[in-house]
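To start, the structure under review is shown below, and the notes come after it.
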Amino acid sequence: MWRKRKQQDFQAEIEAHLQLEADQLRAEGKPPAEAMANARRAFGNRTIAEERFQEASGWLWLKHLIQDVCFGA
């Protein structure tokens, strides 16, 4: 349960980063849709960033253990 909260915080941080980048691009004169698309492109693959966050948490081994126990049961 505490793990999900941290994941939500990280996702909110990504959204804030994308929004700041898009705001800057809009200030430079880009249309809103194009600004957000460019911000996402500049950020890169969001899924990879989330996977790296999970791996860096230090609790990944516990998550894998729980998954293995559930699968084994």
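Residue names in the structure tokens use chain letters A, B, ... in the order shown, residue numbers from 1 in each chain, and ligand numbers from 1 in the order shown.
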
Polymer residues at most 12 Å from Ala16 of chain A, only C-alpha atoms, same-chain spacing of 4 or more positions, as a ChimeraX atom specification: /A:9-12,20-23,36,39-40,43

From chain A, collect each residue whose DSSP state is helix (DSSP H, G or I) and return the set as a tab-separated table (two decimals) with N, CA and C atoms, in the first residue's frame.
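Generated output (part.tsv):
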```
chain	number	residue	atom	x	y	z
A	2	TRP	N	1.97	1.30	0.78
A	2	TRP	CA	2.83	2.48	0.77
A	2	TRP	C	3.58	2.61	-0.53
A	3	ARG	N	3.81	1.49	-1.20
A	3	ARG	CA	4.53	1.52	-2.48
A	3	ARG	C	3.72	2.26	-3.53
A	4	LYS	N	2.40	2.03	-3.54
A	4	LYS	CA	1.55	2.68	-4.53
A	4	LYS	C	1.59	4.19	-4.36
A	5	ARG	N	1.64	4.66	-3.15
A	5	ARG	CA	1.67	6.11	-2.89
A	5	ARG	C	2.93	6.71	-3.50
A	6	LYS	N	4.04	6.08	-3.33
A	6	LYS	CA	5.28	6.60	-3.89
A	6	LYS	C	5.23	6.60	-5.42
A	7	GLN	N	4.65	5.58	-6.00
A	7	GLN	CA	4.51	5.51	-7.45
A	7	GLN	C	3.62	6.66	-7.94
A	8	GLN	N	2.56	6.95	-7.22
A	8	GLN	CA	1.68	8.06	-7.59
A	8	GLN	C	2.42	9.39	-7.49
A	9	ASP	N	3.25	9.54	-6.49
A	9	ASP	CA	4.04	10.76	-6.35
A	9	ASP	C	4.99	10.93	-7.54
A	10	PHE	N	5.61	9.84	-7.94
A	10	PHE	CA	6.53	9.90	-9.07
A	10	PHE	C	5.79	10.24	-10.35
A	11	GLN	N	4.62	9.66	-10.55
A	11	GLN	CA	3.82	9.98	-11.74
A	11	GLN	C	3.39	11.44	-11.73
A	12	ALA	N	3.04	11.97	-10.57
A	12	ALA	CA	2.68	13.38	-10.47
A	12	ALA	C	3.88	14.27	-10.79
A	13	GLU	N	5.06	13.84	-10.38
A	13	GLU	CA	6.27	14.60	-10.68
A	13	GLU	C	6.53	14.63	-12.18
A	14	ILE	N	6.33	13.51	-12.84
A	14	ILE	CA	6.50	13.46	-14.30
A	14	ILE	C	5.50	14.41	-14.97
A	15	GLU	N	4.24	14.36	-14.52
A	15	GLU	CA	3.22	15.25	-15.10
A	15	GLU	C	3.59	16.71	-14.91
A	16	ALA	N	4.08	17.06	-13.73
A	16	ALA	CA	4.47	18.44	-13.46
A	16	ALA	C	5.62	18.86	-14.37
A	17	HIS	N	6.58	17.97	-14.56
A	17	HIS	CA	7.71	18.26	-15.44
A	17	HIS	C	7.22	18.50	-16.87
A	18	LEU	N	6.35	17.63	-17.35
A	18	LEU	CA	5.81	17.78	-18.71
A	18	LEU	C	5.03	19.08	-18.85
A	19	GLN	N	4.26	19.42	-17.83
A	19	GLN	CA	3.45	20.63	-17.88
A	19	GLN	C	4.33	21.88	-17.91
A	20	LEU	N	5.39	21.88	-17.11
A	20	LEU	CA	6.32	23.02	-17.11
A	20	LEU	C	6.98	23.19	-18.48
A	21	GLU	N	7.40	22.09	-19.06
A	21	GLU	CA	8.03	22.15	-20.39
A	21	GLU	C	7.02	22.64	-21.43
A	22	ALA	N	5.80	22.13	-21.38
A	22	ALA	CA	4.77	22.56	-22.32
A	22	ALA	C	4.44	24.04	-22.13
A	23	ASP	N	4.39	24.50	-20.90
A	23	ASP	CA	4.13	25.92	-20.63
A	23	ASP	C	5.22	26.81	-21.24
A	24	GLN	N	6.45	26.36	-21.11
A	24	GLN	CA	7.56	27.12	-21.68
A	24	GLN	C	7.45	27.17	-23.20
A	25	LEU	N	7.09	26.05	-23.81
A	25	LEU	CA	6.96	26.01	-25.26
A	25	LEU	C	5.79	26.88	-25.74
A	26	ARG	N	4.70	26.89	-24.96
A	26	ARG	CA	3.57	27.76	-25.31
A	26	ARG	C	3.96	29.23	-25.20
A	27	ALA	N	4.79	29.55	-24.22
A	27	ALA	CA	5.26	30.92	-24.07
A	27	ALA	C	6.13	31.34	-25.26
A	32	PRO	N	-0.97	24.80	-28.00
A	32	PRO	CA	-0.99	23.90	-26.82
A	32	PRO	C	-0.77	22.42	-27.14
A	33	ALA	N	-1.44	21.90	-28.15
A	33	ALA	CA	-1.29	20.47	-28.46
A	33	ALA	C	0.13	20.15	-28.92
A	34	GLU	N	0.68	21.01	-29.73
A	34	GLU	CA	2.04	20.80	-30.22
A	34	GLU	C	3.06	20.94	-29.09
A	35	ALA	N	2.81	21.89	-28.19
A	35	ALA	CA	3.71	22.10	-27.06
A	35	ALA	C	3.75	20.86	-26.17
A	36	MET	N	2.58	20.27	-25.88
A	36	MET	CA	2.56	19.07	-25.04
A	36	MET	C	3.22	17.89	-25.75
A	37	ALA	N	2.97	17.76	-27.04
A	37	ALA	CA	3.60	16.66	-27.80
A	37	ALA	C	5.13	16.81	-27.79
A	38	ASN	N	5.61	18.02	-27.98
A	38	ASN	CA	7.06	18.26	-27.95
A	38	ASN	C	7.64	18.01	-26.56
A	39	ALA	N	6.90	18.37	-25.52
A	39	ALA	CA	7.37	18.13	-24.15
A	39	ALA	C	7.48	16.63	-23.88
A	40	ARG	N	6.49	15.86	-24.33
A	40	ARG	CA	6.55	14.40	-24.15
A	40	ARG	C	7.71	13.80	-24.93
A	41	ARG	N	7.91	14.30	-26.13
A	41	ARG	CA	9.00	13.80	-26.96
A	41	ARG	C	10.35	14.11	-26.31
A	42	ALA	N	10.48	15.30	-25.75
A	42	ALA	CA	11.74	15.70	-25.11
A	42	ALA	C	11.99	14.89	-23.84
A	43	PHE	N	10.92	14.54	-23.12
A	43	PHE	CA	11.08	13.77	-21.88
A	43	PHE	C	11.57	12.37	-22.18
A	46	ARG	N	8.23	7.38	-21.01
A	46	ARG	CA	7.73	7.48	-19.63
A	46	ARG	C	7.76	6.12	-18.92
A	47	THR	N	7.45	5.07	-19.64
A	47	THR	CA	7.44	3.73	-19.05
A	47	THR	C	8.82	3.34	-18.54
A	48	ILE	N	9.84	3.64	-19.31
A	48	ILE	CA	11.21	3.32	-18.89
A	48	ILE	C	11.57	4.10	-17.63
A	49	ALA	N	11.17	5.36	-17.56
A	49	ALA	CA	11.45	6.17	-16.37
A	49	ALA	C	10.76	5.57	-15.15
A	50	GLU	N	9.51	5.12	-15.30
A	50	GLU	CA	8.80	4.51	-14.19
A	50	GLU	C	9.44	3.20	-13.77
A	51	GLU	N	9.90	2.39	-14.73
A	51	GLU	CA	10.56	1.13	-14.40
A	51	GLU	C	11.87	1.38	-13.65
A	52	ARG	N	12.61	2.38	-14.06
A	52	ARG	CA	13.86	2.71	-13.37
A	52	ARG	C	13.59	3.19	-11.95
A	53	PHE	N	12.50	3.93	-11.78
A	53	PHE	CA	12.11	4.39	-10.44
A	53	PHE	C	11.82	3.18	-9.55
A	54	GLN	N	11.09	2.20	-10.08
A	54	GLN	CA	10.76	1.01	-9.29
A	54	GLN	C	12.02	0.23	-8.94
A	55	GLU	N	12.91	0.10	-9.91
A	55	GLU	CA	14.15	-0.65	-9.66
A	55	GLU	C	15.01	0.04	-8.61
A	56	ALA	N	14.99	1.35	-8.58
A	56	ALA	CA	15.82	2.11	-7.65
A	56	ALA	C	15.23	2.14	-6.24
A	60	LEU	N	12.17	-3.78	-4.80
A	60	LEU	CA	11.76	-4.57	-5.97
A	60	LEU	C	11.86	-6.07	-5.68
A	61	TRP	N	12.86	-6.46	-4.91
A	61	TRP	CA	13.01	-7.88	-4.59
A	61	TRP	C	11.79	-8.39	-3.82
A	62	LEU	N	11.23	-7.56	-2.95
A	62	LEU	CA	10.05	-7.96	-2.18
A	62	LEU	C	8.84	-8.09	-3.10
A	63	LYS	N	8.70	-7.17	-4.01
A	63	LYS	CA	7.60	-7.23	-4.97
A	63	LYS	C	7.69	-8.52	-5.80
A	64	HIS	N	8.89	-8.86	-6.24
A	64	HIS	CA	9.08	-10.10	-7.01
A	64	HIS	C	8.80	-11.33	-6.16
A	65	LEU	N	9.21	-11.30	-4.90
A	65	LEU	CA	8.95	-12.43	-4.00
A	65	LEU	C	7.45	-12.63	-3.82
A	66	ILE	N	6.72	-11.56	-3.59
A	66	ILE	CA	5.27	-11.65	-3.42
A	66	ILE	C	4.61	-12.18	-4.69
A	67	GLN	N	5.06	-11.70	-5.84
A	67	GLN	CA	4.51	-12.20	-7.10
A	67	GLN	C	4.79	-13.69	-7.26
A	68	ASP	N	6.01	-14.12	-6.91
A	68	ASP	CA	6.36	-15.54	-7.02
A	68	ASP	C	5.51	-16.40	-6.07
A	69	VAL	N	5.30	-15.92	-4.86
A	69	VAL	CA	4.50	-16.67	-3.89
A	69	VAL	C	3.04	-16.77	-4.37
A	70	CYS	N	2.51	-15.66	-4.87
A	70	CYS	CA	1.14	-15.69	-5.39
A	70	CYS	C	1.02	-16.63	-6.57
A	71	PHE	N	2.00	-16.59	-7.46
A	71	PHE	CA	1.96	-17.48	-8.63
A	71	PHE	C	2.08	-18.94	-8.19
A	72	GLY	N	2.98	-19.18	-7.22
A	72	GLY	CA	3.17	-20.55	-6.73
A	72	GLY	C	1.93	-21.11	-6.01
```
